[in-house]
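What follows is a short report on a single structure.
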Amino acid sequence: MNERKIWDRYLVVMLGVLCLFTLALATFLKMDRHMPEGIVRTMILVSPLVALLPFMWAVVREVRRDEVLHTRKIWFRYIAELSAAFLIYAVVLTISLEVGPPMSKGIMKTLVLVSPTLPFLLIVWAVARQFRRMDEYVRLMALESIAIAFGVTAGWVVTYGFMENAGYPRLSMFNVWMVMMSAWAVVVMVRGIAGR
Amino acid sequence: MNKDKITTLYRLELLGSLLFYFLIQFSSMAIERAMPEGIGRTLVVFSPMAPFLLMIGVVARYFGRVDEYLRLKILENWGMTAAITGVLTFTYSFFESAGFPRLSMCTIMPMMGAVSALLFVAGRISSR
């Protein structure tokens with residue numbers, strides 16, 4: 001099969017998946033409120049996720065089809081590991097937020113509320129594993145981006161520290177993480193656009 | 001410029017900018033309390049940003065002077081510091097949900113410095 005045909009087929013599958021996902025999401029949004037609790041409602045709730053299965057299948061086929069895309073397997077593995085870590089994190093976070101607040105004050109409540117940190121470490125581990133898989137050049141580029149994001153975060157926390165002195169409220173520590181990740185994403189995007 | 005000279009110059013520049021920072025910081029803290037609310041007070045509160053930018057400039061200058069190997073080591077140190085800071089602040093945000101107080105953003109910078117220094121020392125010990 002020639003290159004053009006392979007890409008045409010890939011794009012058709014992707015468009016099909018997008019249509020299926022939109023349809024499933026629209027069905028869920030329209031019908032969710034009117035349906036009673038039960039297995040059918042749960043199935044409608046899960047249906048947009050099922051639409052992602054052909055998407056995964058198409059990506060796996062594309063990676064396997066071409067030798068040039070072999071290196072993308074590394075990224076595919078990374079995305080798979082990261083998604084699994086995020087999924088575990090979401091589950092643990094949901095459980096801890098359900099179980100934790102009604103508990104009486106004490107060490108157990110603190111432990112339950114802190115428990116999402118463990119799956120969060122899985123996310124960090126997935127990133128660290130990806131670093132080990134990368135070649136030297138990509139690793140240096142990624143490190144430079146993280147270092148710039150780190151500098152931006154340092155500048156932001158110092159600036160906000162002064163703003164606190166001027167009367168601004170104390171923010172949650174969660175904001176540090178948000179700023180760091182946003183800065184990283186912006187740096188990667190800007191460097192990508194600039195072609196460096 | 002040789003390696004020792006670069007390091008000595010960096011340490012001197014950093015120490016100078018740090019002293020300048022503390023001078024401006026304590027001066028602004030002493031002055032702003034007596035000032036009325038307004039643009040003047042805000043400017044005084046933000047004035048320590050100038051020596052802080054000077055510190056960043058010193059680090060950037062050092063980064064430009066060192067060789068490829070040392071540059072990679074510094075980048076690795078900053079990358080790991082960023083990851084550890086991320087994990088620590090993220091963990092503390094859950095402690096906040098458990099009733100712990102919200103800390104000032106001023107606590108992050110010394111923490112970053114301490115983590116970076118610890119990683120540096122650990123790297124030196126492990127390389128022996």
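By order of appearance in the structure tokens: chains A, B, ..., then residues from 1 within every chain, and ligands from 1 in the order shown.
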Taking only C-alpha atoms into account, report as a ChimeraX atom specification which residues of chain A lie within 9 Å of chain B.
-> /A:100-101,105-106,109-111,113-117,120-121,124,140,143-144,146-147,149-151,153-166,170-177,180
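Reported to one decimal place, the separation of CA of Ala117 in chain B from CA of Lys73 in chain B is 12.9 Å.
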Looking only at the backbone, which of the residues in range 68-187 of chain A does DSSP tag as alpha helix (DSSP H), as a ChimeraX atom specification?
-> /A:72-99,107-114,117-133,136-165,174-187
Of the listed residues B:Ser116, B:Ser126, B:Asn2, B:Ser17, that which approaches Val58 in chain B most closely, counting only C-alpha atoms = B:Ser17
Among listed residues A:Ser104, A:Gln130, A:Thr22, A:Ser96, nearest Val50 in chain A (using only C-alpha atoms) =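 Result for the nearest residue to Val50 in chain A: A:Thr22.
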